[in-house]
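Peer 1: Once you've had a glance at the structure underneath, I'll fire off some questions.
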Amino acid sequence: MSSPTPQPDLQISSVLRCEEGLDGLLTAVVCAPDIPLPGTWFSWALTAPPDHLSDSQMSQLCDFLMALLRDKLLQCQHRQLAMPKQCASPTSPTGNPQTFAWCEGFLVAQHCLQDNWQKGLDAEQSQRKNDIEMRLAVILKGIRVLRKLSRSGSQAKRQALALSERQINALYGAIPQYLSELSELGGQLALALPDNLQWEGR
């Protein structure tokens with residue numbers, strides 16, 4: 001695997017999602033059937049307009065995001081997609097901000113990629129289409145529940161979901177398998193898309 005990506009300076013970091021949010025966002029991006037161009041997903045990574053950044057800083061920001069994307073693609077190709085180590089199981093009543101940020105970044109990107117996935121599903125003509133849709137729905141539901149549990153002060157939501165600590169830990173532990181499966185589903189749909197060679201060998 002590649003060495004850790006150097007962190008950007010404070011001014012650049014001030015317009016970006018946190019480390020965990022970027023990781024979740026890029027996980028969704030690399031699992032998509034047709035990976036969007038950087039000009040599409042760069043804006044999803046921002047939390048504030050970068051108007052105050054110099055040309056040099058904008059170049060550094062782009063280089064930083066592309067380095068993160070390359071790292072995430074390698075993880076995807078080696079079946080090593082997972083949440084960062086600091087994203088703990090949200091069994092505490094106060095939740096876990098790192099896990100929440102990861103889920104939030106992932107779900108923001110996944111929402112923006114709905115048409116991307118639908119395009120792949122529309123191109124899929126085999127009997128697997130319904131199975132792919134159902135598996136995708138299960139994965140996204142699991143991550144949405146994890147986001148609710150991870151939000152600070154989510155005790156009421158936790159009680160409404162009626163999940164035990166064992167069930168919460170099981171959901172958290174299932175995330176690597178969910179992500180491996182999501183990558184596989186995206187790869188299957190990519191093969192159905194015309195002129196889409198980017199996932200050859202995935």
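Letters A, B, ... go to the chains of the structure tokens in the order shown; residues in each chain start at 1; ligands are counted from 1 in the same order.
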Contacts of Pro84 of chain A at 10 Å or less, counting only C-alpha atoms, minus same-chain residues fewer than 4 places along, as a list in words?
Peer 2: Glu19, Glu20, Asp23, Gly24, Ala88, Gln98, Thr99 and Trp102 of chain A
Peer 1: Would you save the residues from that selection as a compact mmCIF listing (two decimals), in the first residue's frame, using N, CA and C atoms?
Peer 2:
# COMPACT_ATOMS: atom_id res chain seq x y z
N GLU A 19 -11.13 14.28 8.07
CA GLU A 19 -10.49 13.08 7.53
C GLU A 19 -11.49 11.94 7.35
N GLU A 20 -12.30 11.70 8.38
CA GLU A 20 -13.26 10.59 8.31
C GLU A 20 -14.35 10.86 7.28
N ASP A 23 -12.95 10.20 3.88
CA ASP A 23 -12.79 8.76 3.66
C ASP A 23 -14.13 8.12 3.28
N GLY A 24 -15.19 8.48 4.00
CA GLY A 24 -16.50 7.94 3.68
C GLY A 24 -16.96 8.36 2.30
N ALA A 88 -15.08 4.27 15.89
CA ALA A 88 -15.41 3.17 16.81
C ALA A 88 -16.90 2.83 16.75
N GLN A 98 -16.49 10.55 14.97
CA GLN A 98 -15.71 10.10 13.81
C GLN A 98 -16.54 9.16 12.93
N THR A 99 -17.25 8.24 13.59
CA THR A 99 -18.10 7.32 12.83
C THR A 99 -19.24 8.08 12.15
N TRP A 102 -17.88 9.81 9.06
CA TRP A 102 -17.66 8.86 7.96
C TRP A 102 -18.97 8.52 7.28
Peer 1: Just the number, please: distance in Å from atom CA of Ala32 of chain A to atom CA of Lys119 of chain A, one decimal.
Peer 2: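 About the pair atom CA of Ala32 of chain A and atom CA of Lys119 of chain A: they are 10.5 Å apart.
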Peer 1: Set out as JSON lines a contact list for segment 17-93 of chain A and segment 167-191 of chain A with a cut-off of 7 Å, giving each residue of segment 17-93 of chain A that qualifies its closest atom pair and distance in Å to one decimal, counting only C-alpha atoms, ordered by chain and rising residue number.
Peer 2:
{"residue": "A:Cys31", "atom": "CA", "partner": "A:Ser183", "partner_atom": "CA", "distance": 4.6}
{"residue": "A:Ala32", "atom": "CA", "partner": "A:Gly186", "partner_atom": "CA", "distance": 5.2}
{"residue": "A:Pro33", "atom": "CA", "partner": "A:Gly186", "partner_atom": "CA", "distance": 4.3}
{"residue": "A:Asp34", "atom": "CA", "partner": "A:Ala190", "partner_atom": "CA", "distance": 6.2}
{"residue": "A:Arg79", "atom": "CA", "partner": "A:Ser180", "partner_atom": "CA", "distance": 6.3}
{"residue": "A:Leu81", "atom": "CA", "partner": "A:Leu179", "partner_atom": "CA", "distance": 6.1}
{"residue": "A:Ala82", "atom": "CA", "partner": "A:Pro176", "partner_atom": "CA", "distance": 4.9}
{"residue": "A:Ser89", "atom": "CA", "partner": "A:Tyr172", "partner_atom": "CA", "distance": 5.7}
{"residue": "A:Thr91", "atom": "CA", "partner": "A:Ile168", "partner_atom": "CA", "distance": 6.5}
Peer 1: For Ser43 of chain A, work out the shell of residues within 12 Å, counting only C-alpha atoms and skipping chain neighbours fewer than 5 positions away, then give it as number ranges by chain.
Peer 2: A: 15-17, 22, 25, 36-38, 48-50, 61-62, 65, 108-109, 112
Peer 1: Name the closest residue to Pro93 of chain A among the candidates A:Met66, A:Ile35, A:Leu149, A:Ile143; distances are taken between atoms, counting only C-alpha atoms.
Peer 2: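 Among the listed residues, A:Leu149 lies closest to Pro93 of chain A.
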Peer 1: Could you pull out the residues in chain A that DSSP calls helix (DSSP H, G or I) from the backbone, as JSON, numbers by chain?
Peer 2: {"A": [10, 11, 12, 13, 19, 20, 21, 22, 23, 24, 25, 26, 27, 28, 29, 30, 31, 38, 39, 40, 41, 42, 43, 44, 45, 55, 56, 57, 58, 59, 60, 61, 62, 63, 64, 65, 66, 67, 68, 69, 70, 71, 72, 73, 74, 75, 76, 77, 97, 98, 99, 100, 101, 102, 103, 104, 105, 106, 107, 108, 109, 110, 111, 112, 114, 115, 116, 117, 118, 119, 120, 121, 122, 123, 129, 130, 131, 132, 133, 134, 135, 136, 137, 138, 139, 140, 141, 142, 143, 144, 145, 146, 147, 148, 149, 150, 155, 156, 157, 158, 159, 160, 161, 165, 166, 167, 168, 169, 170, 171, 172, 173, 175, 176, 177, 178, 179, 180, 181, 182, 183, 184, 185, 186, 187, 188, 189, 190, 191, 192]}
Peer 1: If you count only C-alpha atoms, which residues fall within 9 Å of Leu140 of chain A, apart from same-chain ones fewer than 3 positions away, as a list in words?
Peer 2: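 Neighbouring residues, sequence-local ones excluded: Leu107, Gln110, Arg135, Leu136, Ala137, Ile143, Arg144, Val145 and Tyr178 of chain A.
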Peer 1: Would you save the residues from that selection as a compact mmCIF listing (two decimals), in the first residue's frame, using N, CA and C atoms?
Peer 2:
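New file again04.txt:
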# COMPACT_ATOMS: atom_id res chain seq x y z
N LEU A 107 -22.83 8.90 2.84
CA LEU A 107 -24.22 9.03 2.40
C LEU A 107 -24.45 10.27 1.55
N GLN A 110 -23.23 9.10 -1.78
CA GLN A 110 -24.13 8.08 -2.32
C GLN A 110 -25.42 8.72 -2.83
N ARG A 135 -29.71 -6.02 -2.38
CA ARG A 135 -28.45 -6.00 -1.62
C ARG A 135 -27.99 -4.57 -1.38
N LEU A 136 -28.13 -3.72 -2.40
CA LEU A 136 -27.75 -2.31 -2.26
C LEU A 136 -28.60 -1.63 -1.19
N ALA A 137 -29.89 -1.92 -1.18
CA ALA A 137 -30.79 -1.32 -0.20
C ALA A 137 -30.42 -1.74 1.23
N ILE A 143 -25.90 1.50 6.88
CA ILE A 143 -25.05 2.67 7.10
C ILE A 143 -25.88 3.85 7.60
N ARG A 144 -27.12 3.97 7.15
CA ARG A 144 -27.99 5.03 7.67
C ARG A 144 -28.28 4.82 9.16
N VAL A 145 -28.53 3.58 9.55
CA VAL A 145 -28.77 3.29 10.96
C VAL A 145 -27.53 3.61 11.78
N TYR A 178 -19.97 -5.07 4.14
CA TYR A 178 -20.86 -4.22 3.35
C TYR A 178 -20.09 -3.52 2.23
Peer 1: Looking at only C-alpha atoms, which of A:Cys76, A:Leu121, A:Cys87, A:Ile139 is the one that sits closest to Gly21 of chain A?
Peer 2: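 Between A:Cys76, A:Leu121, A:Cys87, A:Ile139, the residue approaching Gly21 of chain A most closely is A:Cys87.
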Peer 1: Could you tell me which of A:Lys148, A:Lys72, A:Ile12, A:Thr27 comes closest to Ser54 of chain A if we count only C-alpha atoms?
Peer 2: A:Ile12
Peer 1: Tell me which of A:Gln7, A:Arg166, A:Arg147, A:Leu68 sits closest to Gly105 of chain A, counting only C-alpha atoms.
Peer 2: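 Nearest candidate to Gly105 of chain A out of A:Gln7, A:Arg166, A:Arg147, A:Leu68: A:Arg147.
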Peer 1: How far is it from atom CA of Leu69 of chain A to atom CA of Leu26 of chain A, in Å with one decimal?
Peer 2: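 So the answer is 6.4 Å.
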